>>> print(open('upload-v3.pdb').read())   # PDB, C-alpha atoms
ATOM      1  CA  MET T   1       0.000   0.000   0.000  1.00  0.00           C
ATOM      2  CA  ALA T   2       1.155   3.446  -0.827  1.00  0.00           C
ATOM      3  CA  ASP T   3       0.384   4.983   2.554  1.00  0.00           C
ATOM      4  CA  ASP T   4       2.257   2.691   4.918  1.00  0.00           C
ATOM      5  CA  THR T   5       5.711   2.767   3.336  1.00  0.00           C
ATOM      6  CA  GLU T   6       8.147   5.403   2.188  1.00  0.00           C
ATOM      7  CA  ASN T   7       8.296   3.853  -1.274  1.00  0.00           C
ATOM      8  CA  LYS T   8       7.437   5.840  -4.327  1.00  0.00           C
ATOM      9  CA  SER T   9       4.239   4.636  -5.937  1.00  0.00           C
ATOM     10  CA  LEU T  10       2.442   4.357  -9.260  1.00  0.00           C
ATOM     11  CA  SER T  11      -1.158   3.859 -10.236  1.00  0.00           C
ATOM     12  CA  ILE T  12      -2.614   3.246 -13.680  1.00  0.00           C
ATOM     13  CA  ILE T  13      -6.246   3.178 -14.792  1.00  0.00           C
ATOM     14  CA  VAL T  14      -6.412   0.403 -17.420  1.00  0.00           C
ATOM     15  CA  THR T  15      -9.240   1.005 -19.892  1.00  0.00           C
ATOM     16  CA  LYS T  16      -8.216  -1.012 -22.933  1.00  0.00           C
ATOM     17  CA  GLY T  17      -7.980  -4.775 -23.265  1.00  0.00           C
ATOM     18  CA  THR T  18      -6.640  -5.430 -26.736  1.00  0.00           C
ATOM     19  CA  LEU T  19      -3.369  -7.315 -27.197  1.00  0.00           C
ATOM     20  CA  ASP T  20      -1.434  -4.161 -28.079  1.00  0.00           C
ATOM     21  CA  TRP T  21      -2.897  -1.900 -25.390  1.00  0.00           C
ATOM     22  CA  ALA T  22      -2.447  -4.541 -22.710  1.00  0.00           C
ATOM     23  CA  TYR T  23       1.318  -4.022 -22.855  1.00  0.00           C
ATOM     24  CA  PRO T  24       1.848  -0.492 -21.473  1.00  0.00           C
ATOM     25  CA  PRO T  25       0.132  -1.015 -18.093  1.00  0.00           C
ATOM     26  CA  PHE T  26       1.724  -4.410 -17.409  1.00  0.00           C
ATOM     27  CA  ILE T  27       5.175  -3.283 -18.581  1.00  0.00           C
ATOM     28  CA  LEU T  28       5.054  -0.109 -16.492  1.00  0.00           C
ATOM     29  CA  ALA T  29       3.647  -1.793 -13.391  1.00  0.00           C
ATOM     30  CA  THR T  30       6.161  -4.659 -13.376  1.00  0.00           C
ATOM     31  CA  THR T  31       9.036  -2.280 -14.065  1.00  0.00           C
ATOM     32  CA  ALA T  32       7.879   0.114 -11.346  1.00  0.00           C
ATOM     33  CA  ALA T  33       7.692  -2.782  -8.889  1.00  0.00           C
ATOM     34  CA  SER T  34      11.210  -3.837  -9.927  1.00  0.00           C
ATOM     35  CA  MET T  35      12.401  -0.331  -9.158  1.00  0.00           C
ATOM     36  CA  GLY T  36      10.941  -0.443  -5.679  1.00  0.00           C
ATOM     37  CA  LEU T  37       7.654   1.352  -6.287  1.00  0.00           C
ATOM     38  CA  ASP T  38       4.298   0.205  -4.971  1.00  0.00           C
ATOM     39  CA  ALA T  39       2.178  -0.272  -8.082  1.00  0.00           C
ATOM     40  CA  THR T  40      -1.592  -0.387  -8.487  1.00  0.00           C
ATOM     41  CA  LEU T  41      -3.564  -1.233 -11.629  1.00  0.00           C
ATOM     42  CA  PHE T  42      -7.267  -0.361 -11.710  1.00  0.00           C
ATOM     43  CA  PHE T  43      -9.069  -2.273 -14.485  1.00  0.00           C
ATOM     44  CA  THR T  44     -12.232  -0.694 -15.793  1.00  0.00           C
ATOM     45  CA  PHE T  45     -14.478  -1.031 -18.843  1.00  0.00           C
ATOM     46  CA  TYR T  46     -12.624  -2.746 -21.716  1.00  0.00           C
ATOM     47  CA  GLY T  47      -9.516  -3.151 -19.587  1.00  0.00           C
ATOM     48  CA  LEU T  48     -11.339  -5.460 -17.188  1.00  0.00           C
ATOM     49  CA  PRO T  49     -11.097  -8.612 -19.385  1.00  0.00           C
ATOM     50  CA  LEU T  50      -7.313  -8.475 -18.816  1.00  0.00           C
ATOM     51  CA  LEU T  51      -8.075  -9.993 -15.398  1.00  0.00           C
ATOM     52  CA  LYS T  52      -9.941 -12.988 -16.824  1.00  0.00           C
ATOM     53  CA  LYS T  53      -8.516 -16.444 -16.171  1.00  0.00           C
ATOM     54  CA  ASN T  54      -8.463 -17.214 -19.861  1.00  0.00           C
ATOM     55  CA  LEU T  55      -6.993 -14.416 -21.921  1.00  0.00           C
ATOM     56  CA  ASP T  56      -7.913 -14.363 -25.576  1.00  0.00           C
ATOM     57  CA  LEU T  57      -6.422 -11.070 -26.688  1.00  0.00           C
ATOM     58  CA  LYS T  58      -6.762  -9.608 -30.148  1.00  0.00           C
ATOM     59  CA  VAL T  59      -5.720  -6.502 -32.018  1.00  0.00           C
ATOM     60  CA  THR T  60      -7.827  -4.504 -34.397  1.00  0.00           C
ATOM     61  CA  THR T  61      -6.777  -2.190 -37.181  1.00  0.00           C
ATOM     62  CA  LEU T  62      -9.947  -0.160 -36.616  1.00  0.00           C
ATOM     63  CA  GLY T  63      -9.260   3.006 -34.691  1.00  0.00           C
ATOM     64  CA  ASN T  64      -5.525   2.508 -35.231  1.00  0.00           C
ATOM     65  CA  PRO T  65      -5.053   4.313 -38.556  1.00  0.00           C
ATOM     66  CA  ALA T  66      -1.284   4.618 -38.036  1.00  0.00           C
ATOM     67  CA  MET T  67      -0.805   0.864 -37.610  1.00  0.00           C
ATOM     68  CA  GLU T  68       1.947  -0.624 -39.787  1.00  0.00           C
ATOM     69  CA  MET T  69       3.334  -4.138 -39.770  1.00  0.00           C
ATOM     70  CA  PRO T  70       6.887  -4.973 -40.806  1.00  0.00           C
ATOM     71  CA  MET T  71       6.727  -6.899 -44.029  1.00  0.00           C
ATOM     72  CA  ALA T  72       9.472  -8.031 -46.418  1.00  0.00           C
ATOM     73  CA  GLY T  73      11.918  -5.360 -45.275  1.00  0.00           C
ATOM     74  CA  GLY T  74       9.335  -2.564 -45.441  1.00  0.00           C
ATOM     75  CA  HIS T  75       6.100  -1.767 -43.653  1.00  0.00           C
ATOM     76  CA  MET T  76       2.594  -2.693 -44.631  1.00  0.00           C
ATOM     77  CA  LYS T  77      -0.003  -0.069 -43.824  1.00  0.00           C
ATOM     78  CA  MET T  78      -3.178  -1.290 -42.162  1.00  0.00           C
ATOM     79  CA  PRO T  79      -5.677   1.467 -42.951  1.00  0.00           C
ATOM     80  CA  ASN T  80      -9.149   1.362 -41.441  1.00  0.00           C
ATOM     81  CA  ILE T  81     -10.754   0.550 -44.787  1.00  0.00           C
ATOM     82  CA  VAL T  82      -8.751  -2.699 -44.868  1.00  0.00           C
ATOM     83  CA  GLY T  83      -9.776  -3.426 -41.286  1.00  0.00           C
ATOM     84  CA  MET T  84     -13.406  -3.567 -42.317  1.00  0.00           C
ATOM     85  CA  LEU T  85     -12.773  -6.653 -44.429  1.00  0.00           C
ATOM     86  CA  PRO T  86     -13.839  -9.910 -42.790  1.00  0.00           C
ATOM     87  CA  GLY T  87     -10.946 -11.749 -41.192  1.00  0.00           C
ATOM     88  CA  MET T  88      -8.645  -8.729 -40.977  1.00  0.00           C
ATOM     89  CA  ASP T  89      -8.627  -8.602 -37.188  1.00  0.00           C
ATOM     90  CA  SER T  90      -7.648 -12.241 -36.898  1.00  0.00           C
ATOM     91  CA  LEU T  91      -4.969 -11.718 -39.562  1.00  0.00           C
ATOM     92  CA  ALA T  92      -3.619  -8.669 -37.716  1.00  0.00           C
ATOM     93  CA  THR T  93      -3.748 -10.625 -34.437  1.00  0.00           C
ATOM     94  CA  THR T  94      -1.815 -13.538 -35.942  1.00  0.00           C
ATOM     95  CA  MET T  95       0.788 -11.163 -37.377  1.00  0.00           C
ATOM     96  CA  MET T  96       1.167  -9.398 -34.034  1.00  0.00           C
ATOM     97  CA  LYS T  97       1.488 -12.663 -32.087  1.00  0.00           C
ATOM     98  CA  ASN T  98       4.113 -13.923 -34.533  1.00  0.00           C
ATOM     99  CA  LEU T  99       6.071 -10.695 -34.156  1.00  0.00           C
ATOM    100  CA  ILE T 100       5.874 -10.857 -30.361  1.00  0.00           C
ATOM    101  CA  ARG T 101       7.234 -14.410 -30.415  1.00  0.00           C
ATOM    102  CA  LYS T 102       9.915 -13.698 -33.011  1.00  0.00           C
ATOM    103  CA  LYS T 103      11.202 -10.603 -31.222  1.00  0.00           C
ATOM    104  CA  ASN T 104      11.231 -12.249 -27.782  1.00  0.00           C
ATOM    105  CA  VAL T 105       8.714  -9.833 -26.344  1.00  0.00           C
ATOM    106  CA  ALA T 106       7.113 -11.196 -23.169  1.00  0.00           C
ATOM    107  CA  SER T 107       3.550 -12.451 -23.455  1.00  0.00           C
ATOM    108  CA  ILE T 108       0.792 -10.640 -21.570  1.00  0.00           C
ATOM    109  CA  GLU T 109       0.174 -13.858 -19.643  1.00  0.00           C
ATOM    110  CA  ASP T 110       3.804 -13.832 -18.456  1.00  0.00           C
ATOM    111  CA  LEU T 111       3.792 -10.127 -17.626  1.00  0.00           C
ATOM    112  CA  ARG T 112       0.573 -10.517 -15.664  1.00  0.00           C
ATOM    113  CA  GLU T 113       2.076 -13.398 -13.703  1.00  0.00           C
ATOM    114  CA  MET T 114       5.183 -11.292 -13.012  1.00  0.00           C
ATOM    115  CA  ALA T 115       2.956  -8.460 -11.842  1.00  0.00           C
ATOM    116  CA  ARG T 116       1.305 -10.813  -9.357  1.00  0.00           C
ATOM    117  CA  GLU T 117       4.663 -12.139  -8.177  1.00  0.00           C
ATOM    118  CA  ALA T 118       5.833  -8.568  -7.664  1.00  0.00           C
ATOM    119  CA  GLU T 119       2.707  -7.895  -5.575  1.00  0.00           C
ATOM    120  CA  VAL T 120       1.302  -5.313  -7.948  1.00  0.00           C
ATOM    121  CA  ARG T 121      -2.120  -4.447  -6.582  1.00  0.00           C
ATOM    122  CA  LEU T 122      -4.773  -5.494  -9.123  1.00  0.00           C
ATOM    123  CA  ILE T 123      -8.196  -3.911  -8.689  1.00  0.00           C
ATOM    124  CA  ALA T 124     -11.246  -4.886 -10.752  1.00  0.00           C
ATOM    125  CA  CYS T 125     -13.880  -2.183 -11.169  1.00  0.00           C
ATOM    126  CA  GLN T 126     -16.962  -3.596  -9.446  1.00  0.00           C
ATOM    127  CA  MET T 127     -19.343  -1.507 -11.541  1.00  0.00           C
ATOM    128  CA  THR T 128     -17.838  -2.858 -14.766  1.00  0.00           C
ATOM    129  CA  MET T 129     -18.102  -6.398 -13.349  1.00  0.00           C
ATOM    130  CA  ASP T 130     -21.831  -5.851 -12.880  1.00  0.00           C
ATOM    131  CA  LEU T 131     -22.340  -3.908 -16.100  1.00  0.00           C
ATOM    132  CA  PHE T 132     -20.820  -6.567 -18.337  1.00  0.00           C
ATOM    133  CA  GLU T 133     -21.965  -9.458 -16.146  1.00  0.00           C
ATOM    134  CA  TYR T 134     -18.581 -10.890 -15.189  1.00  0.00           C
ATOM    135  CA  LYS T 135     -18.368 -13.173 -12.179  1.00  0.00           C
ATOM    136  CA  PRO T 136     -15.467 -13.419  -9.729  1.00  0.00           C
ATOM    137  CA  GLU T 137     -14.993 -17.034 -10.870  1.00  0.00           C
ATOM    138  CA  ASP T 138     -14.224 -15.703 -14.381  1.00  0.00           C
ATOM    139  CA  MET T 139     -11.328 -13.743 -12.918  1.00  0.00           C
ATOM    140  CA  ILE T 140      -7.892 -14.699 -11.626  1.00  0.00           C
ATOM    141  CA  ASP T 141      -7.471 -15.087  -7.885  1.00  0.00           C
ATOM    142  CA  GLY T 142      -5.886 -12.535  -5.621  1.00  0.00           C
ATOM    143  CA  ILE T 143      -7.491  -9.423  -7.055  1.00  0.00           C
ATOM    144  CA  GLU T 144      -9.539  -6.782  -5.270  1.00  0.00           C
ATOM    145  CA  TYR T 145     -13.002  -5.574  -6.227  1.00  0.00           C
ATOM    146  CA  ALA T 146     -13.636  -1.900  -5.636  1.00  0.00           C
ATOM    147  CA  GLY T 147     -14.835   1.353  -7.090  1.00  0.00           C
ATOM    148  CA  ALA T 148     -13.954   4.933  -7.870  1.00  0.00           C
ATOM    149  CA  ALA T 149     -13.447   6.022  -4.260  1.00  0.00           C
ATOM    150  CA  THR T 150     -10.824   3.324  -3.726  1.00  0.00           C
ATOM    151  CA  TYR T 151      -8.998   4.460  -6.828  1.00  0.00           C
ATOM    152  CA  ILE T 152      -9.137   8.122  -5.837  1.00  0.00           C
ATOM    153  CA  GLU T 153      -7.832   7.389  -2.351  1.00  0.00           C
ATOM    154  CA  THR T 154      -4.976   5.364  -3.873  1.00  0.00           C
ATOM    155  CA  ALA T 155      -4.235   8.018  -6.472  1.00  0.00           C
ATOM    156  CA  THR T 156      -3.950  10.801  -3.895  1.00  0.00           C
ATOM    157  CA  GLN T 157      -1.184   8.794  -2.240  1.00  0.00           C
ATOM    158  CA  CYS T 158       0.699   7.938  -5.435  1.00  0.00           C
ATOM    159  CA  ASP T 159       3.587   9.825  -6.980  1.00  0.00           C
ATOM    160  CA  VAL T 160       2.638   8.835 -10.543  1.00  0.00           C
ATOM    161  CA  ASN T 161      -0.917   8.359 -11.835  1.00  0.00           C
ATOM    162  CA  LEU T 162      -1.575   7.335 -15.425  1.00  0.00           C
ATOM    163  CA  TYR T 163      -4.626   6.605 -17.552  1.00  0.00           C
ATOM    164  CA  ILE T 164      -4.173   4.144 -20.388  1.00  0.00           C
TER
ATOM    165  CA  MET V   1      37.886  -5.219 -12.777  1.00  0.00           C
ATOM    166  CA  THR V   2      35.254  -6.245 -10.258  1.00  0.00           C
ATOM    167  CA  GLU V   3      34.671  -9.981 -10.028  1.00  0.00           C
ATOM    168  CA  PRO V   4      30.943 -10.641 -10.153  1.00  0.00           C
ATOM    169  CA  THR V   5      29.136 -12.863  -7.673  1.00  0.00           C
ATOM    170  CA  GLN V   6      26.752 -13.820 -10.455  1.00  0.00           C
ATOM    171  CA  ASP V   7      26.569 -13.637 -14.239  1.00  0.00           C
ATOM    172  CA  LEU V   8      23.227 -13.133 -15.917  1.00  0.00           C
ATOM    173  CA  ASP V   9      22.702 -13.742 -19.639  1.00  0.00           C
ATOM    174  CA  LEU V  10      19.768 -11.655 -20.865  1.00  0.00           C
ATOM    175  CA  LYS V  11      20.774 -11.500 -24.514  1.00  0.00           C
ATOM    176  CA  GLY V  12      17.829 -11.421 -26.920  1.00  0.00           C
ATOM    177  CA  LEU V  13      15.293 -10.263 -24.326  1.00  0.00           C
ATOM    178  CA  GLN V  14      13.205  -7.148 -24.848  1.00  0.00           C
ATOM    179  CA  CYS V  15      12.018  -4.479 -22.441  1.00  0.00           C
ATOM    180  CA  PRO V  16      10.975  -4.892 -19.662  1.00  0.00           C
ATOM    181  CA  LEU V  17      12.429  -8.387 -19.191  1.00  0.00           C
ATOM    182  CA  PRO V  18      16.123  -7.419 -18.710  1.00  0.00           C
ATOM    183  CA  ILE V  19      15.188  -5.165 -15.779  1.00  0.00           C
ATOM    184  CA  LEU V  20      12.679  -7.628 -14.300  1.00  0.00           C
ATOM    185  CA  ARG V  21      15.140 -10.537 -14.460  1.00  0.00           C
ATOM    186  CA  THR V  22      17.943  -8.427 -13.006  1.00  0.00           C
ATOM    187  CA  LYS V  23      15.762  -7.308 -10.119  1.00  0.00           C
ATOM    188  CA  LYS V  24      14.791 -10.934  -9.454  1.00  0.00           C
ATOM    189  CA  ALA V  25      18.447 -12.012  -9.429  1.00  0.00           C
ATOM    190  CA  LEU V  26      19.493  -9.125  -7.165  1.00  0.00           C
ATOM    191  CA  LYS V  27      16.858 -10.180  -4.655  1.00  0.00           C
ATOM    192  CA  GLU V  28      18.747 -13.426  -4.064  1.00  0.00           C
ATOM    193  CA  LEU V  29      22.085 -11.682  -3.504  1.00  0.00           C
ATOM    194  CA  ASP V  30      23.528 -10.023  -0.398  1.00  0.00           C
ATOM    195  CA  SER V  31      24.307  -6.361  -0.019  1.00  0.00           C
ATOM    196  CA  GLY V  32      27.666  -5.614  -1.661  1.00  0.00           C
ATOM    197  CA  ASP V  33      27.439  -8.586  -4.043  1.00  0.00           C
ATOM    198  CA  VAL V  34      28.092  -7.830  -7.694  1.00  0.00           C
ATOM    199  CA  ILE V  35      26.077  -9.009 -10.653  1.00  0.00           C
ATOM    200  CA  ARG V  36      27.246  -8.869 -14.272  1.00  0.00           C
ATOM    201  CA  VAL V  37      24.431  -8.623 -16.797  1.00  0.00           C
ATOM    202  CA  GLU V  38      24.716  -9.133 -20.532  1.00  0.00           C
ATOM    203  CA  ALA V  39      21.929  -7.719 -22.710  1.00  0.00           C
ATOM    204  CA  THR V  40      21.374  -6.913 -26.365  1.00  0.00           C
ATOM    205  CA  ASP V  41      18.420  -4.526 -25.968  1.00  0.00           C
ATOM    206  CA  PRO V  42      19.825  -1.095 -26.951  1.00  0.00           C
ATOM    207  CA  GLY V  43      17.240   0.541 -24.677  1.00  0.00           C
ATOM    208  CA  SER V  44      18.839  -1.207 -21.715  1.00  0.00           C
ATOM    209  CA  VAL V  45      21.755   1.282 -21.741  1.00  0.00           C
ATOM    210  CA  LYS V  46      19.582   4.086 -20.417  1.00  0.00           C
ATOM    211  CA  ASP V  47      17.210   1.772 -18.571  1.00  0.00           C
ATOM    212  CA  PHE V  48      19.881   0.197 -16.371  1.00  0.00           C
ATOM    213  CA  ASP V  49      21.138   3.680 -15.433  1.00  0.00           C
ATOM    214  CA  SER V  50      17.611   4.674 -14.433  1.00  0.00           C
ATOM    215  CA  PHE V  51      17.120   1.399 -12.596  1.00  0.00           C
ATOM    216  CA  CYS V  52      20.285   1.994 -10.563  1.00  0.00           C
ATOM    217  CA  ASN V  53      19.437   5.647  -9.898  1.00  0.00           C
ATOM    218  CA  GLN V  54      16.005   4.727  -8.613  1.00  0.00           C
ATOM    219  CA  THR V  55      16.934   1.656  -6.576  1.00  0.00           C
ATOM    220  CA  GLY V  56      20.266   2.821  -5.139  1.00  0.00           C
ATOM    221  CA  ASN V  57      22.187  -0.140  -6.549  1.00  0.00           C
ATOM    222  CA  LYS V  58      25.516   0.987  -7.956  1.00  0.00           C
ATOM    223  CA  MET V  59      26.540   0.780 -11.608  1.00  0.00           C
ATOM    224  CA  VAL V  60      30.190  -0.213 -11.290  1.00  0.00           C
ATOM    225  CA  GLU V  61      30.972  -0.687 -14.939  1.00  0.00           C
ATOM    226  CA  GLN V  62      29.271  -0.431 -18.290  1.00  0.00           C
ATOM    227  CA  ALA V  63      30.636  -1.675 -21.621  1.00  0.00           C
ATOM    228  CA  GLU V  64      29.563  -2.565 -25.134  1.00  0.00           C
ATOM    229  CA  SER V  65      31.108  -5.046 -27.538  1.00  0.00           C
ATOM    230  CA  ASP V  66      29.630  -6.405 -30.786  1.00  0.00           C
ATOM    231  CA  GLY V  67      26.117  -5.349 -29.842  1.00  0.00           C
ATOM    232  CA  VAL V  68      26.287  -6.893 -26.378  1.00  0.00           C
ATOM    233  CA  TYR V  69      25.931  -4.502 -23.455  1.00  0.00           C
ATOM    234  CA  THR V  70      27.515  -5.500 -20.178  1.00  0.00           C
ATOM    235  CA  PHE V  71      26.407  -3.929 -16.915  1.00  0.00           C
ATOM    236  CA  THR V  72      28.225  -4.596 -13.675  1.00  0.00           C
ATOM    237  CA  ILE V  73      26.062  -3.670 -10.720  1.00  0.00           C
ATOM    238  CA  ARG V  74      26.791  -3.750  -6.993  1.00  0.00           C
ATOM    239  CA  LYS V  75      23.800  -4.459  -4.794  1.00  0.00           C
ATOM    240  CA  LYS V  76      22.898  -1.758  -2.293  1.00  0.00           C
TER
END
>>> encode(input="upload-v3.pdb", output="C-alpha cells")
Amino acid sequence: MADDTENKSLSIIVTKGTLDWAYPPFILATTAASMGLDATLFFTFYGLPLLKKNLDLKVTTLGNPAMEMPMAGGHMKMPNIVGMLPGMDSLATTMMKNLIRKKNVASIEDLREMAREAEVRLIACQMTMDLFEYKPEDMIDGIEYAGAATYIETATQCDVNLYI
Amino acid sequence: MTEPTQDLDLKGLQCPLPILRTKKALKELDSGDVIRVEATDPGSVKDFDSFCNQTGNKMVEQAESDGVYTFTIRKK
C-alpha cells in the first residue's frame, strides 16, 4: 500500500484490453515494482477482461489508422478501410502474435504473472463487473473488487498516476 | 575489474524483461554482491542507469562489444 511505506508509488487506470494496449500497463507496473515502487492497476471497462482467467487477446486495425506491420523489409499499412474486411482482425492478431514471439517480447500472460509475483495491486472495477456481467470465478485469484473512491484514495497517495 | 558474484545472460530479451530478471536475481544476492548482466536490448543502456538511480544499486561498470551490453552492478 502506498500509505504505509516510504516507497514511491504508481497507479494506472487500465481502460483497454486489446493485445497491443495490454502491454503499457503491465510493462510499467512490473518495471515500477522492480524499481521499488508500490504499483496499483485499476481495471475498468474494456480493460477489465485483462483480469480474466483465460486471456484471448486480439488486435484490431480499426481506430488505429497509423498501424503498420513490418513486411518483407518494409512496412505494410493497415488502414481502417482494410480493417473492415472480414478476417482482418484475426490476420492482424496472428501477425502481431508472430512478431511478439519472433522478437522475444514477453507475453501478456507472463507479464501478468510477473505483476502478481511482484505484488502489484490489481483492482477490478466492481461496476464494470456488474455492467458486463462478469463473475469473480471468471477472474484470476488474488485481485480486489472496488470502485472509484478506492482508486481516488490510492491516487492521492501515489507519486505517478496514469490513464491508459 | 570487479569480479561478479553472479553472471546473468539476458541476450535477446526485450524491455521490460532485462530489468525484471535483473531485479529478481538481485533479490537473491547479499548487499555488496556484484552481478554482471549481458543484454542486447539497446534501450537497456539508459534503462539500467535509471534502474540503478532509482533503486540505489551501484553501476560499477558499463561496456559494449559487438552489440552486447555488459552492466556490472553492486547491490545496495
>>> residues_around(input="upload-v3.pdb", residues="V:Arg74", least_positions_apart="4", cutoff="6 Å", atoms="all atoms listed in the file", output="list of chain:residue names")
V:Gly32, V:Asp33, V:Val34, V:Asn57, V:Lys58
>>> closest_atom_pairs(input="upload-v3.pdb", of="chain V", to="chain T", cutoff="6 Å", atoms="all atoms listed in the file", output="JSON lines")
{"residue": "V:Leu13", "atom": "CA", "partner": "T:Asn104", "partner_atom": "CA", "distance": 5.7}
{"residue": "V:Gln14", "atom": "CA", "partner": "T:Val105", "partner_atom": "CA", "distance": 5.4}
{"residue": "V:Leu20", "atom": "CA", "partner": "T:Ser34", "partner_atom": "CA", "distance": 6.0}
{"residue": "V:Lys23", "atom": "CA", "partner": "T:Ser34", "partner_atom": "CA", "distance": 5.7}
{"residue": "V:Thr55", "atom": "CA", "partner": "T:Met35", "partner_atom": "CA", "distance": 5.6}
>>> write_last_selection(input="upload-v3.pdb", atoms="C-alpha atoms", output="short mmCIF file (atom, residue, chain, number, x, y, z; two decimals), in the frame of the given file")
data_model
loop_
_atom_site.label_atom_id
_atom_site.label_comp_id
_atom_site.auth_asym_id
_atom_site.auth_seq_id
_atom_site.Cartn_x
_atom_site.Cartn_y
_atom_site.Cartn_z
CA LEU V 13 15.29 -10.26 -24.33
CA GLN V 14 13.20 -7.15 -24.85
CA LEU V 20 12.68 -7.63 -14.30
CA LYS V 23 15.76 -7.31 -10.12
CA THR V 55 16.93 1.66 -6.58
#
>>> atom_distance(input="upload-v3.pdb", atom1="atom CA of V:Lys46", atom2="atom CA of V:Gln62")
10.9 Å
>>> atom_distance(input="upload-v3.pdb", atom1="atom CA of V:Asp7", atom2="atom CA of V:Asn53")
21.0 Å
>>> atom_distance(input="upload-v3.pdb", atom1="atom CA of T:Tyr23", atom2="atom CA of V:Met59")
28.0 Å
>>> resolve_selection(input="upload-v3.pdb", expression="the PyMOL selection byres ((chain T and resi 61) around 8)", output="PyMOL selection string")
chain T and resi 59-60+62-65+67+78-80+82-83+88-89+92
>>> resolve_selection(input="upload-v3.pdb", expression="the PyMOL selection byres ((chain T and resi 119-124) around 8)", output="list of chain:residue names")
T:Ala29, T:Thr30, T:Ala33, T:Asp38, T:Ala39, T:Thr40, T:Leu41, T:Phe42, T:Phe43, T:Thr44, T:Leu48, T:Leu51, T:Ala115, T:Arg116, T:Glu117, T:Ala118, T:Cys125, T:Gln126, T:Thr128, T:Met129, T:Gly142, T:Ile143, T:Glu144, T:Tyr145, T:Ala146
>>> write_last_selection(input="upload-v3.pdb", atoms="C-alpha atoms", output="JSON list (two decimals), in the frame of the given file")
[["chain", "number", "residue", "atom", "x", "y", "z"],
["T", 29, "ALA", "CA", 3.65, -1.79, -13.39],
["T", 30, "THR", "CA", 6.16, -4.66, -13.38],
["T", 33, "ALA", "CA", 7.69, -2.78, -8.89],
["T", 38, "ASP", "CA", 4.30, 0.20, -4.97],
["T", 39, "ALA", "CA", 2.18, -0.27, -8.08],
["T", 40, "THR", "CA", -1.59, -0.39, -8.49],
["T", 41, "LEU", "CA", -3.56, -1.23, -11.63],
["T", 42, "PHE", "CA", -7.27, -0.36, -11.71],
["T", 43, "PHE", "CA", -9.07, -2.27, -14.48],
["T", 44, "THR", "CA", -12.23, -0.69, -15.79],
["T", 48, "LEU", "CA", -11.34, -5.46, -17.19],
["T", 51, "LEU", "CA", -8.07, -9.99, -15.40],
["T", 115, "ALA", "CA", 2.96, -8.46, -11.84],
["T", 116, "ARG", "CA", 1.30, -10.81, -9.36],
["T", 117, "GLU", "CA", 4.66, -12.14, -8.18],
["T", 118, "ALA", "CA", 5.83, -8.57, -7.66],
["T", 125, "CYS", "CA", -13.88, -2.18, -11.17],
["T", 126, "GLN", "CA", -16.96, -3.60, -9.45],
["T", 128, "THR", "CA", -17.84, -2.86, -14.77],
["T", 129, "MET", "CA", -18.10, -6.40, -13.35],
["T", 142, "GLY", "CA", -5.89, -12.54, -5.62],
["T", 143, "ILE", "CA", -7.49, -9.42, -7.06],
["T", 144, "GLU", "CA", -9.54, -6.78, -5.27],
["T", 145, "TYR", "CA", -13.00, -5.57, -6.23],
["T", 146, "ALA", "CA", -13.64, -1.90, -5.64]]
>>> closest_residue(input="upload-v3.pdb", among="T:Gly47, T:Gly147, T:Pro136, T:Pro86", to="T:Ala22", atoms="only C-alpha atoms")
T:Gly47
